[in-house]
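Just target_32.cif here, mmCIF, N, CA and C atoms and all ligand atoms:
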data_model
#
loop_
_atom_site.label_atom_id
_atom_site.label_comp_id
_atom_site.auth_asym_id
_atom_site.auth_seq_id
_atom_site.Cartn_x
_atom_site.Cartn_y
_atom_site.Cartn_z
N MET A 245 16.47 -18.11 -21.82
CA MET A 245 15.09 -17.85 -21.43
C MET A 245 14.24 -17.56 -22.66
N THR A 246 13.49 -18.51 -23.07
CA THR A 246 12.61 -18.25 -24.21
C THR A 246 11.25 -18.85 -23.96
N GLY A 247 10.26 -18.23 -24.53
CA GLY A 247 8.93 -18.81 -24.48
C GLY A 247 8.57 -19.10 -25.93
N ARG A 248 7.78 -20.11 -26.15
CA ARG A 248 7.38 -20.38 -27.53
C ARG A 248 5.96 -19.91 -27.81
N GLU A 249 5.18 -19.72 -26.72
CA GLU A 249 3.79 -19.30 -26.92
C GLU A 249 3.75 -17.86 -27.42
N THR A 250 2.67 -17.50 -28.04
CA THR A 250 2.51 -16.14 -28.54
C THR A 250 2.11 -15.22 -27.39
N ILE A 251 2.72 -14.06 -27.33
CA ILE A 251 2.29 -13.05 -26.38
C ILE A 251 1.71 -11.93 -27.23
N HIS A 252 0.70 -11.27 -26.70
CA HIS A 252 0.12 -10.16 -27.45
C HIS A 252 0.58 -8.84 -26.89
N CYS A 253 0.58 -7.84 -27.76
CA CYS A 253 1.01 -6.50 -27.37
C CYS A 253 0.12 -5.96 -26.27
N PRO A 254 0.72 -5.49 -25.15
CA PRO A 254 -0.09 -4.95 -24.05
C PRO A 254 -0.88 -3.70 -24.47
N TYR A 255 -0.47 -3.03 -25.54
CA TYR A 255 -1.12 -1.79 -25.95
C TYR A 255 -2.22 -2.00 -26.98
N CYS A 256 -1.96 -2.85 -27.98
CA CYS A 256 -2.93 -2.93 -29.08
C CYS A 256 -3.35 -4.37 -29.37
N GLN A 257 -2.86 -5.32 -28.57
CA GLN A 257 -3.19 -6.73 -28.76
C GLN A 257 -2.66 -7.31 -30.07
N GLY A 258 -1.79 -6.54 -30.73
CA GLY A 258 -1.17 -7.05 -31.96
C GLY A 258 -0.26 -8.22 -31.65
N GLU A 259 0.14 -8.91 -32.70
CA GLU A 259 1.00 -10.07 -32.50
C GLU A 259 2.45 -9.61 -32.31
N LEU A 260 3.13 -10.20 -31.32
CA LEU A 260 4.53 -9.87 -31.08
C LEU A 260 5.41 -10.93 -31.74
N LYS A 261 6.35 -10.46 -32.53
CA LYS A 261 7.27 -11.40 -33.19
C LYS A 261 8.69 -11.17 -32.69
N PRO A 262 9.46 -12.26 -32.51
CA PRO A 262 10.85 -12.12 -32.05
C PRO A 262 11.65 -11.23 -33.00
N TYR A 263 12.47 -10.35 -32.42
CA TYR A 263 13.25 -9.41 -33.21
C TYR A 263 14.74 -9.65 -33.00
N ASP A 264 15.18 -9.53 -31.75
CA ASP A 264 16.56 -9.84 -31.40
C ASP A 264 16.62 -10.12 -29.91
N ARG A 265 17.82 -10.08 -29.34
CA ARG A 265 17.95 -10.33 -27.91
C ARG A 265 18.69 -9.19 -27.24
N ARG A 266 18.35 -8.94 -25.99
CA ARG A 266 19.02 -7.92 -25.21
C ARG A 266 19.46 -8.51 -23.89
N LYS A 267 20.63 -8.07 -23.45
CA LYS A 267 21.11 -8.56 -22.16
C LYS A 267 20.52 -7.70 -21.05
N ARG A 268 20.09 -8.36 -20.01
CA ARG A 268 19.59 -7.67 -18.83
C ARG A 268 20.26 -8.28 -17.61
N VAL A 269 20.69 -7.42 -16.71
CA VAL A 269 21.37 -7.88 -15.51
C VAL A 269 20.41 -7.83 -14.32
N LEU A 270 20.44 -8.86 -13.53
CA LEU A 270 19.65 -8.90 -12.29
C LEU A 270 20.59 -9.08 -11.12
N LEU A 271 20.27 -8.44 -10.02
CA LEU A 271 21.07 -8.61 -8.81
C LEU A 271 20.29 -9.45 -7.82
N ASP A 272 20.99 -10.39 -7.17
CA ASP A 272 20.33 -11.14 -6.11
C ASP A 272 20.58 -10.41 -4.78
N HIS A 273 20.12 -10.98 -3.67
CA HIS A 273 20.21 -10.23 -2.42
C HIS A 273 21.63 -10.02 -1.92
N ASN A 274 22.57 -10.79 -2.47
CA ASN A 274 23.97 -10.58 -2.11
C ASN A 274 24.65 -9.57 -3.03
N GLY A 275 23.89 -9.06 -3.99
CA GLY A 275 24.47 -8.12 -4.94
C GLY A 275 25.19 -8.81 -6.08
N LYS A 276 25.05 -10.13 -6.19
CA LYS A 276 25.68 -10.87 -7.27
C LYS A 276 24.91 -10.60 -8.57
N ARG A 277 25.68 -10.38 -9.65
CA ARG A 277 25.06 -10.08 -10.95
C ARG A 277 24.76 -11.35 -11.74
N TRP A 278 23.56 -11.41 -12.29
CA TRP A 278 23.17 -12.51 -13.15
C TRP A 278 22.78 -11.90 -14.49
N VAL A 279 23.39 -12.41 -15.56
CA VAL A 279 23.09 -11.84 -16.88
C VAL A 279 22.12 -12.74 -17.63
N PHE A 280 21.09 -12.15 -18.15
CA PHE A 280 20.09 -12.90 -18.92
C PHE A 280 20.02 -12.34 -20.32
N SER A 281 19.84 -13.21 -21.27
CA SER A 281 19.63 -12.77 -22.64
C SER A 281 18.14 -12.90 -22.93
N LEU A 282 17.48 -11.76 -23.00
CA LEU A 282 16.02 -11.78 -23.15
C LEU A 282 15.61 -11.45 -24.58
N ARG A 283 14.51 -12.04 -25.00
CA ARG A 283 14.02 -11.77 -26.34
C ARG A 283 13.42 -10.37 -26.43
N ARG A 284 13.70 -9.70 -27.54
CA ARG A 284 13.03 -8.45 -27.81
C ARG A 284 12.00 -8.76 -28.89
N LEU A 285 10.80 -8.33 -28.68
CA LEU A 285 9.71 -8.66 -29.58
C LEU A 285 9.15 -7.39 -30.20
N ARG A 286 8.77 -7.50 -31.46
CA ARG A 286 8.23 -6.32 -32.13
C ARG A 286 6.76 -6.55 -32.43
N CYS A 287 5.94 -5.54 -32.09
CA CYS A 287 4.51 -5.65 -32.36
C CYS A 287 4.29 -5.44 -33.86
N GLN A 288 3.56 -6.38 -34.46
CA GLN A 288 3.31 -6.31 -35.90
C GLN A 288 2.36 -5.17 -36.25
N LYS A 289 1.61 -4.71 -35.26
CA LYS A 289 0.61 -3.69 -35.52
C LYS A 289 1.13 -2.27 -35.21
N CYS A 290 1.54 -2.05 -33.94
CA CYS A 290 1.95 -0.68 -33.58
C CYS A 290 3.47 -0.49 -33.64
N LYS A 291 4.21 -1.55 -33.93
CA LYS A 291 5.67 -1.51 -34.12
C LYS A 291 6.46 -1.23 -32.85
N ARG A 292 5.80 -1.18 -31.70
CA ARG A 292 6.55 -1.00 -30.45
C ARG A 292 7.39 -2.23 -30.17
N MET A 293 8.55 -1.98 -29.55
CA MET A 293 9.43 -3.07 -29.14
C MET A 293 9.15 -3.40 -27.68
N HIS A 294 9.11 -4.68 -27.39
CA HIS A 294 8.87 -5.11 -26.01
C HIS A 294 9.95 -6.10 -25.62
N ILE A 295 10.43 -5.98 -24.42
CA ILE A 295 11.35 -7.00 -23.92
C ILE A 295 10.53 -8.03 -23.16
N GLU A 296 10.75 -9.28 -23.52
CA GLU A 296 9.99 -10.36 -22.89
C GLU A 296 10.61 -10.71 -21.55
N LEU A 297 9.84 -10.52 -20.50
CA LEU A 297 10.37 -10.75 -19.15
C LEU A 297 9.89 -12.06 -18.56
N PRO A 298 10.82 -12.83 -18.00
CA PRO A 298 10.38 -13.94 -17.14
C PRO A 298 9.95 -13.35 -15.79
N ASP A 299 9.21 -14.10 -15.01
CA ASP A 299 8.63 -13.60 -13.76
C ASP A 299 9.62 -13.15 -12.69
N ILE A 300 10.89 -13.45 -12.89
CA ILE A 300 11.87 -13.04 -11.87
C ILE A 300 12.27 -11.58 -12.03
N PHE A 301 11.80 -10.93 -13.12
CA PHE A 301 12.13 -9.52 -13.36
C PHE A 301 10.98 -8.61 -13.00
N ILE A 302 11.33 -7.40 -12.60
CA ILE A 302 10.36 -6.32 -12.46
C ILE A 302 10.91 -5.20 -13.34
N PRO A 303 10.10 -4.68 -14.26
CA PRO A 303 10.65 -3.70 -15.19
C PRO A 303 11.37 -2.56 -14.49
N TYR A 304 12.52 -2.19 -15.00
CA TYR A 304 13.35 -1.09 -14.51
C TYR A 304 13.93 -1.30 -13.12
N LYS A 305 13.78 -2.49 -12.57
CA LYS A 305 14.37 -2.74 -11.25
C LYS A 305 15.61 -3.57 -11.42
N ARG A 306 16.64 -3.24 -10.64
CA ARG A 306 17.91 -3.96 -10.74
C ARG A 306 17.86 -5.26 -9.96
N TYR A 307 17.04 -5.28 -8.92
CA TYR A 307 16.99 -6.48 -8.09
C TYR A 307 15.90 -7.42 -8.59
N SER A 308 16.08 -8.69 -8.30
CA SER A 308 15.11 -9.69 -8.73
C SER A 308 13.79 -9.49 -7.99
N ALA A 309 12.72 -10.02 -8.56
CA ALA A 309 11.39 -9.91 -7.95
C ALA A 309 11.40 -10.52 -6.55
N ALA A 310 12.13 -11.61 -6.36
CA ALA A 310 12.18 -12.28 -5.06
C ALA A 310 12.81 -11.37 -4.00
N VAL A 311 13.87 -10.66 -4.39
CA VAL A 311 14.52 -9.74 -3.46
C VAL A 311 13.57 -8.61 -3.08
N ILE A 312 12.92 -8.04 -4.08
CA ILE A 312 12.01 -6.92 -3.84
C ILE A 312 10.85 -7.36 -2.94
N GLU A 313 10.36 -8.56 -3.21
CA GLU A 313 9.28 -9.09 -2.38
C GLU A 313 9.73 -9.29 -0.93
N SER A 314 10.92 -9.81 -0.75
CA SER A 314 11.45 -10.00 0.62
C SER A 314 11.51 -8.68 1.38
N VAL A 315 11.93 -7.62 0.67
CA VAL A 315 12.05 -6.31 1.32
C VAL A 315 10.67 -5.80 1.71
N ILE A 316 9.73 -5.87 0.76
CA ILE A 316 8.39 -5.36 1.00
C ILE A 316 7.68 -6.12 2.12
N GLU A 317 7.89 -7.40 2.13
CA GLU A 317 7.24 -8.21 3.17
C GLU A 317 8.05 -8.26 4.47
N GLU A 318 9.09 -7.44 4.51
CA GLU A 318 9.94 -7.33 5.70
C GLU A 318 10.45 -8.67 6.21
N LYS A 319 10.84 -9.51 5.26
CA LYS A 319 11.43 -10.79 5.64
C LYS A 319 12.85 -10.56 6.10
N THR A 320 13.30 -11.39 7.00
CA THR A 320 14.65 -11.19 7.51
C THR A 320 15.70 -11.78 6.56
N SER A 321 15.31 -12.78 5.78
CA SER A 321 16.29 -13.32 4.84
C SER A 321 15.89 -12.97 3.41
N GLY A 322 16.87 -12.96 2.52
CA GLY A 322 16.58 -12.71 1.11
C GLY A 322 16.52 -11.25 0.72
N ALA A 323 16.72 -10.35 1.70
CA ALA A 323 16.72 -8.92 1.38
C ALA A 323 18.16 -8.43 1.36
N PRO A 324 18.44 -7.36 0.60
CA PRO A 324 19.82 -6.86 0.56
C PRO A 324 20.23 -6.35 1.92
N TYR A 325 21.51 -6.48 2.21
CA TYR A 325 22.04 -6.10 3.50
C TYR A 325 22.00 -4.59 3.72
N GLU A 326 22.28 -3.86 2.66
CA GLU A 326 22.34 -2.40 2.76
C GLU A 326 20.99 -1.77 3.04
N GLU A 327 20.94 -0.97 4.07
CA GLU A 327 19.66 -0.38 4.44
C GLU A 327 19.14 0.60 3.39
N ARG A 328 20.06 1.37 2.80
CA ARG A 328 19.67 2.35 1.79
C ARG A 328 18.95 1.68 0.62
N THR A 329 19.47 0.53 0.22
CA THR A 329 18.85 -0.22 -0.88
C THR A 329 17.45 -0.66 -0.50
N ARG A 330 17.31 -1.14 0.73
CA ARG A 330 15.99 -1.59 1.19
C ARG A 330 15.01 -0.42 1.25
N GLN A 331 15.51 0.73 1.72
CA GLN A 331 14.65 1.92 1.80
C GLN A 331 14.19 2.37 0.42
N LYS A 332 15.11 2.32 -0.55
CA LYS A 332 14.76 2.72 -1.92
C LYS A 332 13.65 1.84 -2.48
N ILE A 333 13.77 0.53 -2.22
CA ILE A 333 12.77 -0.41 -2.70
C ILE A 333 11.41 -0.13 -2.04
N CYS A 334 11.45 0.10 -0.73
CA CYS A 334 10.20 0.39 -0.01
C CYS A 334 9.54 1.67 -0.51
N SER A 335 10.33 2.69 -0.77
CA SER A 335 9.72 3.95 -1.19
C SER A 335 9.16 3.80 -2.61
N TRP A 336 9.84 3.02 -3.44
CA TRP A 336 9.29 2.74 -4.78
C TRP A 336 7.94 2.04 -4.62
N TYR A 337 7.87 1.05 -3.75
CA TYR A 337 6.63 0.29 -3.60
C TYR A 337 5.50 1.18 -3.08
N ARG A 338 5.83 2.07 -2.13
CA ARG A 338 4.80 2.98 -1.62
C ARG A 338 4.23 3.84 -2.74
N ARG A 339 5.08 4.24 -3.68
CA ARG A 339 4.61 5.08 -4.80
C ARG A 339 3.71 4.32 -5.76
N VAL A 340 4.00 3.04 -6.00
CA VAL A 340 3.26 2.31 -7.05
C VAL A 340 2.12 1.43 -6.54
N LYS A 341 2.13 1.19 -5.22
CA LYS A 341 1.20 0.22 -4.64
C LYS A 341 -0.28 0.45 -5.00
N SER A 342 -0.77 1.67 -4.79
CA SER A 342 -2.20 1.90 -5.01
C SER A 342 -2.54 1.76 -6.50
N HIS A 343 -1.61 2.18 -7.36
CA HIS A 343 -1.85 2.01 -8.79
C HIS A 343 -1.95 0.52 -9.15
N LEU A 344 -1.01 -0.26 -8.63
CA LEU A 344 -0.99 -1.69 -8.93
C LEU A 344 -2.26 -2.38 -8.43
N LEU A 345 -2.68 -2.01 -7.22
CA LEU A 345 -3.91 -2.61 -6.67
C LEU A 345 -5.13 -2.19 -7.47
N GLY A 346 -5.12 -0.94 -7.95
CA GLY A 346 -6.21 -0.45 -8.78
C GLY A 346 -6.33 -1.23 -10.08
N VAL A 347 -5.18 -1.47 -10.71
CA VAL A 347 -5.17 -2.26 -11.95
C VAL A 347 -5.68 -3.67 -11.66
N TRP A 348 -5.26 -4.22 -10.53
CA TRP A 348 -5.68 -5.58 -10.17
C TRP A 348 -7.21 -5.64 -10.03
N GLN A 349 -7.78 -4.65 -9.31
CA GLN A 349 -9.24 -4.60 -9.13
C GLN A 349 -9.96 -4.54 -10.48
N GLN A 350 -9.38 -3.75 -11.39
CA GLN A 350 -9.94 -3.63 -12.74
C GLN A 350 -9.94 -5.00 -13.44
N GLN A 351 -8.84 -5.73 -13.28
CA GLN A 351 -8.71 -7.05 -13.90
C GLN A 351 -9.74 -8.03 -13.31
N VAL A 352 -9.97 -7.90 -12.01
CA VAL A 352 -10.97 -8.75 -11.36
C VAL A 352 -12.35 -8.45 -11.95
N LYS A 353 -12.66 -7.14 -12.09
CA LYS A 353 -13.95 -6.74 -12.65
C LYS A 353 -14.14 -7.25 -14.07
N LEU A 354 -13.07 -7.27 -14.83
CA LEU A 354 -13.13 -7.75 -16.21
C LEU A 354 -13.13 -9.27 -16.30
N GLY A 355 -13.02 -9.90 -15.15
CA GLY A 355 -12.98 -11.36 -15.13
C GLY A 355 -11.65 -11.95 -15.54
N LEU A 356 -10.59 -11.11 -15.55
CA LEU A 356 -9.27 -11.58 -15.96
C LEU A 356 -8.43 -12.05 -14.78
N ALA A 357 -8.89 -11.73 -13.58
CA ALA A 357 -8.19 -12.18 -12.38
C ALA A 357 -9.24 -12.69 -11.40
N SER A 358 -8.83 -13.64 -10.59
CA SER A 358 -9.78 -14.25 -9.67
C SER A 358 -9.97 -13.40 -8.42
N PRO A 359 -11.24 -13.11 -8.05
CA PRO A 359 -11.49 -12.27 -6.88
C PRO A 359 -11.03 -12.89 -5.57
N GLY A 360 -10.95 -14.23 -5.51
CA GLY A 360 -10.57 -14.88 -4.27
C GLY A 360 -9.07 -14.96 -4.06
N PHE A 361 -8.31 -14.60 -5.10
CA PHE A 361 -6.86 -14.75 -5.06
C PHE A 361 -6.23 -13.50 -4.48
N ILE A 362 -5.41 -13.66 -3.45
CA ILE A 362 -4.72 -12.49 -2.89
C ILE A 362 -3.39 -12.35 -3.62
N PRO A 363 -3.29 -11.28 -4.42
CA PRO A 363 -2.10 -11.17 -5.28
C PRO A 363 -0.85 -10.78 -4.51
N HIS A 364 0.25 -11.37 -4.86
CA HIS A 364 1.52 -10.89 -4.33
C HIS A 364 2.15 -10.00 -5.39
N LEU A 365 3.29 -9.43 -5.07
CA LEU A 365 3.90 -8.42 -5.93
C LEU A 365 4.02 -8.86 -7.39
N VAL A 366 4.52 -10.07 -7.62
CA VAL A 366 4.76 -10.51 -8.99
C VAL A 366 3.45 -10.53 -9.80
N SER A 367 2.36 -10.98 -9.17
CA SER A 367 1.07 -11.01 -9.87
C SER A 367 0.59 -9.60 -10.19
N LEU A 368 0.79 -8.69 -9.24
CA LEU A 368 0.35 -7.30 -9.46
C LEU A 368 1.12 -6.66 -10.60
N VAL A 369 2.44 -6.87 -10.59
CA VAL A 369 3.28 -6.27 -11.62
C VAL A 369 2.96 -6.87 -12.98
N ARG A 370 2.80 -8.18 -12.99
CA ARG A 370 2.49 -8.88 -14.22
C ARG A 370 1.16 -8.39 -14.84
N ALA A 371 0.14 -8.25 -13.98
CA ALA A 371 -1.17 -7.79 -14.45
C ALA A 371 -1.06 -6.38 -15.02
N ALA A 372 -0.30 -5.52 -14.35
CA ALA A 372 -0.17 -4.13 -14.81
C ALA A 372 0.59 -4.07 -16.14
N VAL A 373 1.68 -4.82 -16.25
CA VAL A 373 2.49 -4.78 -17.47
C VAL A 373 1.72 -5.35 -18.66
N ASN A 374 1.15 -6.54 -18.48
CA ASN A 374 0.52 -7.20 -19.62
C ASN A 374 -0.81 -6.57 -20.03
N SER A 375 -1.37 -5.70 -19.17
CA SER A 375 -2.60 -5.01 -19.58
C SER A 375 -2.28 -3.60 -20.08
N GLY A 376 -0.99 -3.28 -20.21
CA GLY A 376 -0.60 -1.96 -20.72
C GLY A 376 -0.77 -0.86 -19.70
N ASN A 377 -0.86 -1.22 -18.41
CA ASN A 377 -1.06 -0.23 -17.36
C ASN A 377 0.16 0.00 -16.47
N TRP A 378 1.30 -0.48 -16.90
CA TRP A 378 2.50 -0.25 -16.11
C TRP A 378 2.85 1.22 -16.19
N LEU A 379 3.38 1.77 -15.08
CA LEU A 379 3.79 3.18 -15.08
C LEU A 379 5.18 3.26 -15.68
N TYR A 380 5.26 3.53 -16.96
CA TYR A 380 6.56 3.56 -17.60
C TYR A 380 7.30 4.83 -17.28
N HIS A 381 8.60 4.66 -17.17
CA HIS A 381 9.45 5.82 -17.01
C HIS A 381 9.27 6.68 -18.26
N PRO A 382 9.07 8.01 -18.07
CA PRO A 382 8.78 8.84 -19.25
C PRO A 382 9.87 8.78 -20.32
N PHE A 383 11.11 8.52 -19.91
CA PHE A 383 12.17 8.46 -20.91
C PHE A 383 12.62 7.03 -21.17
N GLY A 384 11.86 6.10 -20.67
CA GLY A 384 12.20 4.69 -20.87
C GLY A 384 12.21 4.34 -22.35
N ARG A 385 13.23 3.64 -22.76
CA ARG A 385 13.35 3.34 -24.18
C ARG A 385 12.64 2.04 -24.53
N PHE A 386 12.33 1.26 -23.52
CA PHE A 386 11.77 -0.06 -23.80
C PHE A 386 10.42 -0.27 -23.16
N HIS A 387 9.64 -1.07 -23.78
CA HIS A 387 8.39 -1.55 -23.22
C HIS A 387 8.63 -3.00 -22.83
N TYR A 388 7.79 -3.49 -21.96
CA TYR A 388 7.98 -4.86 -21.51
C TYR A 388 6.69 -5.65 -21.63
N ALA A 389 6.84 -6.96 -21.72
CA ALA A 389 5.70 -7.86 -21.68
C ALA A 389 6.18 -9.11 -20.97
N PHE A 390 5.35 -9.67 -20.11
CA PHE A 390 5.75 -10.90 -19.43
C PHE A 390 5.45 -12.09 -20.31
N SER A 391 6.34 -13.05 -20.28
CA SER A 391 6.10 -14.27 -21.06
C SER A 391 4.94 -15.03 -20.43
N PRO A 392 4.23 -15.84 -21.23
CA PRO A 392 3.06 -16.56 -20.71
C PRO A 392 3.45 -17.49 -19.57
N LEU A 393 2.52 -17.70 -18.65
CA LEU A 393 2.78 -18.59 -17.51
C LEU A 393 2.86 -20.03 -17.99
ZN ZN A 401 1.12 -3.10 -30.40
#
Could you express the structure from this file as structure tokens?
Ligand SMILES: [Zn+2]
Amino acid sequence: MTGRETIHCPYCQGELKPYDRRKRVLLDHNGKRWVFSLRRLRCQKCKRMHIELPDIFIPYKRYSAAVIESVIEEKTSGAPYEERTRQKICSWYRRVKSHLLGVWQQQVKLGLASPGFIPHLVSLVRAAVNSGNWLYHPFGRFHYAFSPL
């Protein structure tokens, strides 16, 4: 998984340069593990490290974006079988939803997102991460940036 286009730092708009690679594991709805080797990028200006995420990832989530979306949208297929897992995902979404929608509205006001477009989870998460508005875990060691579309 690599992108060749330049991504800018979500915090300072500095240029991100490839540094090394980190393995990240994603679980699908059956709990099968998929290992990805993702680029770690270093901001030339503020020196923060960012892991470059393809759209199938949600920062700090073990399940793929598709699985999380299935749970949130209460789809019968594509969600994990275990109820506890589904509940955990739903409670996470309840906590972050208003923040994500707030960031989205801000992006619309700035002309960075289209007002007519109804965002789904991946768009909301992507907008929050790439604008530096993601709610990072206070002890999180990594920052993230989504690769260009
Ligand atoms: Zn930076």
Surrounding residues as a PyMOL selection string, ligand ZN 401 (chain A), max 5 Å, only N, CA and C atoms and all ligand atoms: chain A and resi 253+255-258+287+289-291
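For the pair atom C of Gln351 (chain A) and atom C of Arg338 (chain A), the separation is 21.2 Å.
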Could you give me, as a PyMOL selection string, the residues within 12 Å of region 318-323 of chain A, counting only C-alpha atoms and dropping anything in the same chain fewer than 6 positions from it? chain A and resi 271-275+307-312+329-331+333-334
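DSSP on the backbone gives strand (DSSP E) for these parts of region 288-388 of chain A: Met293, His294, Ile295, Glu296, Leu297, His387 and Tyr388 of chain A.
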Nearby residues (only C-alpha atoms) at most 9 Å from Leu270 (chain A), same-chain spacing under 2 positions excluded, as a count of residues only: 14
Which of these, A:Val347, A:Val269, A:Leu297, A:Val369, has the shortest distance to His387 (chain A) once you count only N, CA and C atoms? A:Leu297
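From CA of Leu379 (chain A) back to CA of His343 (chain A), the distance works out to 8.5 Å.
Computed from the coordinates, the CA of Lys267 (chain A) to atom C of His252 (chain A) distance equals 21.1 Å.
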From a DSSP pass on the backbone, collect the residues of region 268-332 of chain A flagged as alpha helix (DSSP H) and hand them back as a PDB file with N, CA and C atoms, in the frame of the given file.
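Just written: part-v4.pdb:
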ATOM      1  N   ALA A 309      12.720 -10.020  -8.560  1.00  0.00           N
ATOM      2  CA  ALA A 309      11.390  -9.910  -7.950  1.00  0.00           C
ATOM      3  C   ALA A 309      11.400 -10.520  -6.550  1.00  0.00           C
ATOM      4  N   ALA A 310      12.130 -11.610  -6.360  1.00  0.00           N
ATOM      5  CA  ALA A 310      12.180 -12.280  -5.060  1.00  0.00           C
ATOM      6  C   ALA A 310      12.810 -11.370  -4.000  1.00  0.00           C
ATOM      7  N   VAL A 311      13.870 -10.660  -4.390  1.00  0.00           N
ATOM      8  CA  VAL A 311      14.520  -9.740  -3.460  1.00  0.00           C
ATOM      9  C   VAL A 311      13.570  -8.610  -3.080  1.00  0.00           C
ATOM     10  N   ILE A 312      12.920  -8.040  -4.080  1.00  0.00           N
ATOM     11  CA  ILE A 312      12.010  -6.920  -3.840  1.00  0.00           C
ATOM     12  C   ILE A 312      10.850  -7.360  -2.940  1.00  0.00           C
ATOM     13  N   GLU A 313      10.360  -8.560  -3.210  1.00  0.00           N
ATOM     14  CA  GLU A 313       9.280  -9.090  -2.380  1.00  0.00           C
ATOM     15  C   GLU A 313       9.730  -9.290  -0.930  1.00  0.00           C
ATOM     16  N   SER A 314      10.920  -9.810  -0.750  1.00  0.00           N
ATOM     17  CA  SER A 314      11.450 -10.000   0.620  1.00  0.00           C
ATOM     18  C   SER A 314      11.510  -8.680   1.380  1.00  0.00           C
ATOM     19  N   VAL A 315      11.930  -7.620   0.670  1.00  0.00           N
ATOM     20  CA  VAL A 315      12.050  -6.310   1.320  1.00  0.00           C
ATOM     21  C   VAL A 315      10.670  -5.800   1.710  1.00  0.00           C
ATOM     22  N   ILE A 316       9.730  -5.870   0.760  1.00  0.00           N
ATOM     23  CA  ILE A 316       8.390  -5.360   1.000  1.00  0.00           C
ATOM     24  C   ILE A 316       7.680  -6.120   2.120  1.00  0.00           C
ATOM     25  N   GLU A 327      20.940  -0.970   4.070  1.00  0.00           N
ATOM     26  CA  GLU A 327      19.660  -0.380   4.440  1.00  0.00           C
ATOM     27  C   GLU A 327      19.140   0.600   3.390  1.00  0.00           C
ATOM     28  N   ARG A 328      20.060   1.370   2.800  1.00  0.00           N
ATOM     29  CA  ARG A 328      19.670   2.350   1.790  1.00  0.00           C
ATOM     30  C   ARG A 328      18.950   1.680   0.620  1.00  0.00           C
ATOM     31  N   THR A 329      19.470   0.530   0.220  1.00  0.00           N
ATOM     32  CA  THR A 329      18.850  -0.220  -0.880  1.00  0.00           C
ATOM     33  C   THR A 329      17.450  -0.660  -0.500  1.00  0.00           C
ATOM     34  N   ARG A 330      17.310  -1.140   0.730  1.00  0.00           N
ATOM     35  CA  ARG A 330      15.990  -1.590   1.190  1.00  0.00           C
ATOM     36  C   ARG A 330      15.010  -0.420   1.250  1.00  0.00           C
ATOM     37  N   GLN A 331      15.510   0.730   1.720  1.00  0.00           N
ATOM     38  CA  GLN A 331      14.650   1.920   1.800  1.00  0.00           C
ATOM     39  C   GLN A 331      14.190   2.370   0.420  1.00  0.00           C
ATOM     40  N   LYS A 332      15.110   2.320  -0.550  1.00  0.00           N
ATOM     41  CA  LYS A 332      14.760   2.720  -1.920  1.00  0.00           C
ATOM     42  C   LYS A 332      13.650   1.840  -2.480  1.00  0.00           C
TER      43      LYS A 332
END
With all atoms of region 326-340 of chain A from the file as input, state the centre and edge lengths in Å to one decimal of the axis-aligned box that has 4 Å extra on each side, as JSON.
{"center_x": 12.2, "center_y": 0.6, "center_z": -1.3, "size_x": 28.2, "size_y": 16.9, "size_z": 19.5}
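Here the question is which of A:Arg283, A:Pro254, A:Glu327, A:Tyr337 gets nearest to Arg266 (chain A) using only C-alpha atoms, and that residue is A:Arg283.
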